[in-house]
>>> print(open('model_30.txt').read())   # compact mmCIF, C-alpha atoms
# COMPACT_ATOMS: atom_id res chain seq x y z
CA MET A 14 102.40 89.56 60.25
CA THR A 15 100.31 91.06 63.02
CA THR A 16 97.58 93.28 61.62
CA SER A 17 95.65 95.78 63.69
CA SER A 18 93.32 98.51 62.61
CA ARG A 19 93.92 102.01 63.92
CA ARG A 20 90.44 101.81 65.43
CA THR A 21 91.42 98.60 67.25
CA VAL A 22 94.57 100.16 68.67
CA LEU A 23 92.85 103.37 69.72
CA THR A 24 89.90 101.48 71.18
CA ALA A 25 92.31 99.38 73.22
CA ALA A 26 94.08 102.52 74.38
CA LEU A 27 90.80 104.14 75.45
CA ALA A 28 89.70 100.97 77.20
CA ALA A 29 93.03 100.83 79.00
CA ALA A 30 92.63 104.44 80.06
CA ALA A 31 89.37 103.50 81.74
CA GLY A 32 90.94 100.54 83.53
CA SER A 33 94.01 99.73 85.55
CA THR A 34 96.58 99.90 82.77
CA GLY A 35 95.92 103.26 81.12
CA LEU A 36 96.35 106.92 81.87
CA ALA A 37 93.63 106.79 84.49
CA ALA A 38 96.07 104.73 86.55
CA VAL A 39 98.49 107.66 86.60
CA PRO A 40 97.94 109.46 89.90
CA THR A 41 95.96 112.66 89.58
CA THR A 42 96.74 113.25 93.24
CA ALA A 43 100.05 112.36 94.84
CA HIS A 44 100.54 108.89 96.27
CA ALA A 45 100.79 109.12 100.03
CA ALA A 46 104.33 108.50 101.23
CA PRO A 47 104.83 105.32 103.29
CA ALA A 48 105.32 105.72 107.01
CA ALA A 49 108.72 105.39 108.62
CA THR A 50 109.30 102.34 110.82
CA ALA A 51 111.53 101.96 113.86
CA GLY A 52 113.09 105.36 113.26
CA ASN A 53 114.18 104.48 109.73
CA PRO A 54 113.20 106.60 106.73
CA PRO A 55 110.42 104.97 104.68
CA ALA A 56 111.38 103.08 101.56
CA PRO A 57 109.84 104.69 98.46
CA THR A 58 107.15 102.59 96.79
CA TYR A 59 106.54 105.01 93.90
CA THR A 60 109.02 107.08 91.95
CA SER A 61 107.04 110.17 92.94
CA HIS A 62 107.94 109.42 96.58
CA ILE A 63 111.59 109.95 95.62
CA TYR A 64 110.83 113.16 93.75
CA ARG A 65 108.96 114.67 96.70
CA ASN A 66 111.25 113.49 99.49
CA PRO A 67 113.75 116.22 100.49
CA GLN A 68 116.33 113.61 101.49
CA TYR A 69 116.80 112.86 97.76
CA THR A 70 118.21 115.54 95.47
CA GLU A 71 117.81 115.29 91.72
CA GLY A 72 121.19 115.59 90.03
CA THR A 73 122.99 114.33 93.15
CA ASP A 74 121.15 111.24 94.36
CA TYR A 75 119.24 110.42 91.20
CA GLY A 76 118.67 111.67 87.68
CA ARG A 77 116.14 111.33 84.88
CA ARG A 78 116.90 111.47 81.16
CA PHE A 79 114.55 111.00 78.25
CA ARG A 80 114.18 111.66 74.56
CA ARG A 81 110.92 111.87 72.65
CA HIS A 82 111.39 112.23 68.91
CA GLU A 83 109.33 114.80 67.07
CA ARG A 84 106.70 113.52 64.65
CA SER A 85 104.43 115.51 62.39
CA ASP A 86 102.23 114.92 59.36
CA PRO A 87 101.70 118.19 57.49
CA THR A 88 100.66 116.63 54.17
CA PHE A 89 97.56 114.96 52.72
CA ALA A 90 99.60 111.97 51.58
CA ALA A 91 100.55 108.83 53.50
CA GLU A 92 100.01 109.06 57.23
CA VAL A 93 102.95 108.98 59.64
CA ARG A 94 103.08 105.74 61.63
CA LEU A 95 102.30 105.67 65.31
CA PRO A 96 105.41 105.71 67.55
CA GLY A 97 106.93 102.26 67.30
CA THR A 98 109.11 101.26 70.24
CA ALA A 99 110.18 103.03 73.42
CA VAL A 100 113.18 101.85 75.46
CA LEU A 101 113.10 102.16 79.26
CA ALA A 102 115.63 101.70 82.07
CA LEU A 103 113.68 102.08 85.31
CA HIS A 104 116.65 101.15 87.53
CA GLY A 105 119.58 102.69 85.72
CA GLY A 106 122.80 104.28 86.87
CA GLY A 107 124.10 102.61 90.01
CA ILE A 108 120.86 100.79 90.83
CA GLU A 109 121.14 97.99 88.26
CA THR A 110 124.47 98.87 86.72
CA GLY A 111 124.80 98.84 82.97
CA THR A 112 121.10 99.06 82.21
CA SER A 113 121.19 102.77 81.32
CA GLU A 114 123.99 102.20 78.86
CA VAL A 115 122.30 99.16 77.30
CA ALA A 116 119.01 101.05 76.97
CA LEU A 117 120.76 103.95 75.24
CA GLY A 118 122.57 101.56 72.90
CA ILE A 119 119.29 99.88 71.96
CA ALA A 120 117.70 103.28 71.39
CA GLY A 121 120.53 104.14 68.98
CA TYR A 122 122.65 106.51 71.09
CA HIS A 123 126.15 106.16 72.49
CA PRO A 124 126.18 106.33 76.30
CA LYS A 125 129.40 108.38 76.26
CA ASP A 126 127.94 111.51 74.66
CA LEU A 127 124.46 110.54 73.40
CA ALA A 128 125.69 110.81 69.82
CA PRO A 129 123.62 108.77 67.34
CA THR A 130 125.24 105.44 66.52
CA GLY A 131 125.37 103.61 63.21
CA ALA A 132 124.48 105.13 59.85
CA ALA A 133 122.61 108.38 59.41
CA GLY A 134 119.40 106.65 58.36
CA ASP A 135 119.32 104.07 61.15
CA PRO A 136 116.26 104.18 63.41
CA ARG A 137 116.36 105.99 66.75
CA TYR A 138 113.92 105.15 69.50
CA ASP A 139 112.36 107.16 72.29
CA TYR A 140 113.86 106.41 75.69
CA TRP A 141 113.46 107.16 79.40
CA LEU A 142 116.02 106.46 82.12
CA PHE A 143 115.82 106.71 85.90
CA GLU A 144 119.36 106.57 87.29
CA GLY A 145 120.93 106.26 90.72
CA LEU A 146 123.81 108.73 90.93
CA ARG A 147 125.24 107.80 94.33
CA GLY A 148 128.48 105.90 94.79
CA PRO A 149 128.77 102.12 94.51
CA GLY A 150 126.56 100.24 96.97
CA LEU A 151 124.53 103.33 97.93
CA ASN A 152 121.73 103.20 95.37
CA ALA A 153 119.63 100.23 96.52
CA GLU A 154 117.02 102.36 98.30
CA LEU A 155 116.30 104.13 95.00
CA HIS A 156 115.00 100.85 93.55
CA VAL A 157 111.24 101.17 93.09
CA THR A 158 109.39 98.10 91.82
CA SER A 159 108.43 98.53 88.17
CA THR A 160 104.71 98.73 88.92
CA GLY A 161 105.50 101.66 91.22
CA CYS A 162 106.82 103.76 88.36
CA ASP A 163 104.42 106.71 88.16
CA ASP A 164 106.69 109.12 86.30
CA LEU A 165 104.49 110.77 83.67
CA HIS A 166 107.28 111.00 81.08
CA ALA A 167 107.95 107.25 81.37
CA LEU A 168 104.29 106.29 81.27
CA GLY A 169 103.58 108.77 78.48
CA LEU A 170 106.25 107.17 76.30
CA ALA A 171 105.05 103.64 77.05
CA GLU A 172 101.35 104.36 76.62
CA GLY A 173 101.92 106.22 73.35
CA SER A 174 104.03 103.47 71.74
CA LEU A 175 103.19 100.22 69.99
CA GLY A 176 105.94 98.40 71.90
CA VAL A 177 108.37 98.76 74.79
CA VAL A 178 111.70 97.18 75.66
CA SER A 179 112.38 97.67 79.37
CA VAL A 180 115.95 96.86 80.42
CA HIS A 181 116.65 95.53 83.93
CA GLY A 182 119.37 93.67 85.79
CA PHE A 183 119.43 90.73 88.20
CA ALA A 184 122.10 89.30 90.48
CA ASN A 185 123.94 86.23 89.20
CA THR A 186 122.73 84.24 92.20
CA GLN A 187 119.05 84.94 91.45
CA VAL A 188 118.95 82.77 88.33
CA PRO A 189 122.21 80.78 88.28
CA GLY A 190 123.42 79.69 84.88
CA TYR A 191 121.39 82.16 82.85
CA ASP A 192 122.35 85.45 81.22
CA VAL A 193 118.91 86.74 80.23
CA VAL A 194 115.40 86.42 81.62
CA LEU A 195 113.06 87.31 78.77
CA GLY A 196 109.80 88.65 80.15
CA GLY A 197 106.79 90.79 79.31
CA LEU A 198 103.43 89.96 77.74
CA ASP A 199 104.33 90.31 74.05
CA GLN A 200 105.07 86.72 73.05
CA ASP A 201 105.77 87.50 69.38
CA PHE A 202 108.19 90.30 70.25
CA LYS A 203 109.91 88.08 72.83
CA ALA A 204 110.38 85.34 70.24
CA LEU A 205 112.11 87.79 67.91
CA VAL A 206 114.43 89.02 70.67
CA ARG A 207 115.33 85.43 71.57
CA GLN A 208 115.92 84.59 67.90
CA GLN A 209 118.28 87.51 67.35
CA LEU A 210 120.22 86.92 70.58
CA GLU A 211 120.61 83.22 69.80
CA LEU A 212 121.97 84.11 66.35
CA LEU A 213 125.00 85.62 68.11
CA ALA A 214 126.14 82.05 68.83
CA THR A 215 126.83 81.57 65.12
CA ALA A 216 127.67 85.11 64.02
CA GLY A 217 131.04 86.66 63.28
CA PRO A 218 134.53 85.63 64.30
CA ASP A 219 133.64 85.46 68.02
CA PRO A 220 130.50 83.33 68.51
CA TRP A 221 128.69 84.19 71.73
CA ASN A 222 126.27 81.78 73.33
CA ILE A 223 123.83 83.70 75.55
CA SER A 224 121.76 81.50 77.87
CA ILE A 225 118.14 82.65 77.94
CA ILE A 226 115.25 81.59 80.15
CA ASP A 227 111.65 82.65 79.63
CA GLY A 228 110.16 84.89 82.28
CA SER A 229 107.31 82.43 82.79
CA GLN A 230 109.85 80.19 84.54
CA VAL A 231 111.05 83.01 86.81
CA PRO A 232 107.82 84.74 87.90
CA ALA A 233 109.57 87.31 90.09
CA LEU A 234 111.37 88.62 86.99
CA GLY A 235 108.68 87.76 84.46
CA GLY A 236 107.32 91.26 83.83
CA THR A 237 103.76 90.01 83.36
CA ASP A 238 101.87 92.52 85.51
CA PRO A 239 99.66 94.68 83.25
CA ASP A 240 100.72 97.70 85.32
CA ASN A 241 104.39 97.10 84.55
CA PRO A 242 105.41 99.94 82.17
CA CYS A 243 106.71 97.37 79.68
CA ASN A 244 103.08 96.29 79.15
CA ARG A 245 101.45 99.72 79.27
CA THR A 246 101.63 100.18 75.52
CA LEU A 247 98.97 100.89 72.91
CA ARG A 248 98.79 97.11 72.47
CA ASN A 249 98.88 96.36 76.23
CA LYS A 250 102.03 94.25 75.95
CA GLY A 251 105.78 94.60 75.61
CA VAL A 252 109.15 93.05 76.51
CA GLN A 253 111.12 93.09 79.76
CA LEU A 254 114.79 92.26 79.31
CA GLU A 255 116.46 91.14 82.55
CA LEU A 256 120.26 90.82 82.30
CA SER A 257 122.59 89.08 84.74
CA GLY A 258 125.36 90.98 86.46
CA ALA A 259 127.97 88.89 84.63
CA LEU A 260 126.44 89.66 81.24
CA ARG A 261 126.21 93.37 81.98
CA ASN A 262 129.81 93.54 83.16
CA SER A 263 131.00 91.75 80.02
CA LEU A 264 129.65 94.57 77.83
CA PHE A 265 132.24 97.06 79.11
CA ASP A 266 136.00 97.03 79.45
CA ASP A 267 135.56 98.99 82.69
CA PRO A 268 132.19 98.24 84.32
CA SER A 269 133.14 99.73 87.69
CA SER A 270 131.55 103.18 87.31
CA ARG A 271 129.12 105.19 85.20
CA THR A 272 132.03 107.00 83.56
CA GLY A 273 133.91 103.76 82.99
CA ARG A 274 130.92 102.05 81.40
CA ALA A 275 130.01 105.01 79.20
CA ASN A 276 133.55 105.24 77.82
CA THR A 277 134.39 101.55 77.39
CA THR A 278 131.51 99.89 75.55
CA ASN A 279 133.01 96.96 73.65
CA ALA A 280 132.28 94.55 70.81
CA LYS A 281 129.91 92.50 72.97
CA PHE A 282 127.97 95.66 73.83
CA ARG A 283 127.57 96.45 70.15
CA ALA A 284 126.62 92.86 69.32
CA PHE A 285 124.04 92.64 72.11
CA THR A 286 122.37 95.99 71.50
CA GLY A 287 122.52 95.38 67.76
CA ALA A 288 120.69 92.07 68.16
CA VAL A 289 117.90 93.71 70.17
CA ARG A 290 117.68 96.52 67.61
CA ALA A 291 117.34 93.91 64.86
CA ALA A 292 114.48 92.30 66.80
CA ILE A 293 112.78 95.69 67.18
CA ALA A 294 113.04 96.31 63.43
CA LEU A 295 111.52 92.91 62.65
CA HIS A 296 108.76 93.43 65.18
CA GLU A 297 107.82 96.87 63.91
CA ALA A 298 107.83 95.59 60.32
CA SER A 299 105.35 92.88 61.35
CA LEU A 300 102.84 95.40 62.69
CA THR A 301 100.26 96.89 60.38
CA VAL A 302 98.11 99.65 61.83
CA ASP A 303 95.82 101.30 59.30
>>> encode(input="model_30.txt", output="structure tokens")
Amino acid sequence: MTTSSRRTVLTAALAAAAGSTGLAAVPTTAHAAPAATAGNPPAPTYTSHIYRNPQYTEGTDYGRRFRRHERSDPTFAAEVRLPGTAVLALHGGGIETGTSEVALGIAGYHPKDLAPTGAAGDPRYDYWLFEGLRGPGLNAELHVTSTGCDDLHALGLAEGSLGVVSVHGFANTQVPGYDVVLGGLDQDFKALVRQQLELLATAGPDPWNISIIDGSQVPALGGTDPDNPCNRTLRNKGVQLELSGALRNSLFDDPSSRTGRANTTNAKFRAFTGAVRAAIALHEASLTVD
């Protein structure tokens, strides 16, 4: 069990705010847009560049969705816990296809209609999604490196939570032979995610062997930068879940479009998101903040 005092957590948060990984790192003035080269429009290096650029229209080219659950403590009795885990998809929609849907499933919502999944008492997690809404093959320029995410809703969720699971996608050719690159700075949380995913190889009538490689062996996908939103938590560490194209496609009967994916989540989708949710529950149970 990992034990932290509330003072320790809040001290870490205040220290982070004074350094490169806290709220002070959120721009108080707008990041200057990059210059165009050779007559081409500049590639955005921060999400705020997309928001301010008139060539991109929210609701047409890109969209943002988030949910922050209400918490209150109106009594003198036991104190309400700090927010546990936030789920992010920084490159959702058509950018890294399937990651929005997986993030919603992990958060406890069905991607078809955002209805809560599972039983009434099952946990629901805060989430934030940035999604490319253009047609297939037209969303690549909306990909902003994770450390360039300066959306205040996204950073607010991450920096106010004890943990983060950030869902990403990689091309099959980037890491041949592997389904998942498990990154981020939270080694204990990563171990629980690996454990629960590996249990799928022996669970149920359809065993599923998911090949996993640690992000330390794939630095480009390792999610170890302290400024990566997955690590900008109250504990300065989290999990980055990189999924291969083949794995993502296997989670849907029709992976060809946002509508197709949202309406055709299958048994593998439920098994995968359920395994990550089980890891989150175990991780949150291991944390004691008093």
>>> closest_residue(input="model_30.txt", among="A:Gly76, A:Pro149, A:Pro218, A:Gly196", to="Asp238 (chain A)", atoms="only C-alpha atoms")
A:Gly196
>>> atom_distance(input="model_30.txt", atom1="CA of Thr301 (chain A)", atom2="CA of Gly197 (chain A)")
20.9 Å
>>> closest_residue(input="model_30.txt", among="A:Ser179, A:Ser113, A:Asn185, A:Ser269", to="Asn241 (chain A)", atoms="only C-alpha atoms")
A:Ser179
>>> atom_distance(input="model_30.txt", atom1="CA of Leu101 (chain A)", atom2="CA of Leu142 (chain A)")
5.9 Å
>>> atom_distance(input="model_30.txt", atom1="CA of Leu205 (chain A)", atom2="CA of Gly106 (chain A)")
27.3 Å
>>> residues_near_point(input="model_30.txt", point="(109.8, 108.6, 75.6)", cutoff="9 Å", atoms="all atoms listed in the file", output="PyMOL selection string")
chain A and resi 79-82+99-101+138-141+166-171+173-174
>>> residues_near_point(input="model_30.txt", point="(105.6, 91.5, 66.2)", cutoff="9 Å", atoms="all atoms listed in the file", output="number ranges by chain")
A: 14-15, 176, 199-205, 292-293, 295-300
>>> closest_residue(input="model_30.txt", among="A:Asp164, A:Glu211, A:Glu144, A:Asp192", to="Val289 (chain A)", atoms="all atoms listed in the file")
A:Glu211
>>> closest_residue(input="model_30.txt", among="A:Thr186, A:Thr160, A:Asn152, A:Asn244", to="Gly258 (chain A)", atoms="all atoms listed in the file")
A:Thr186
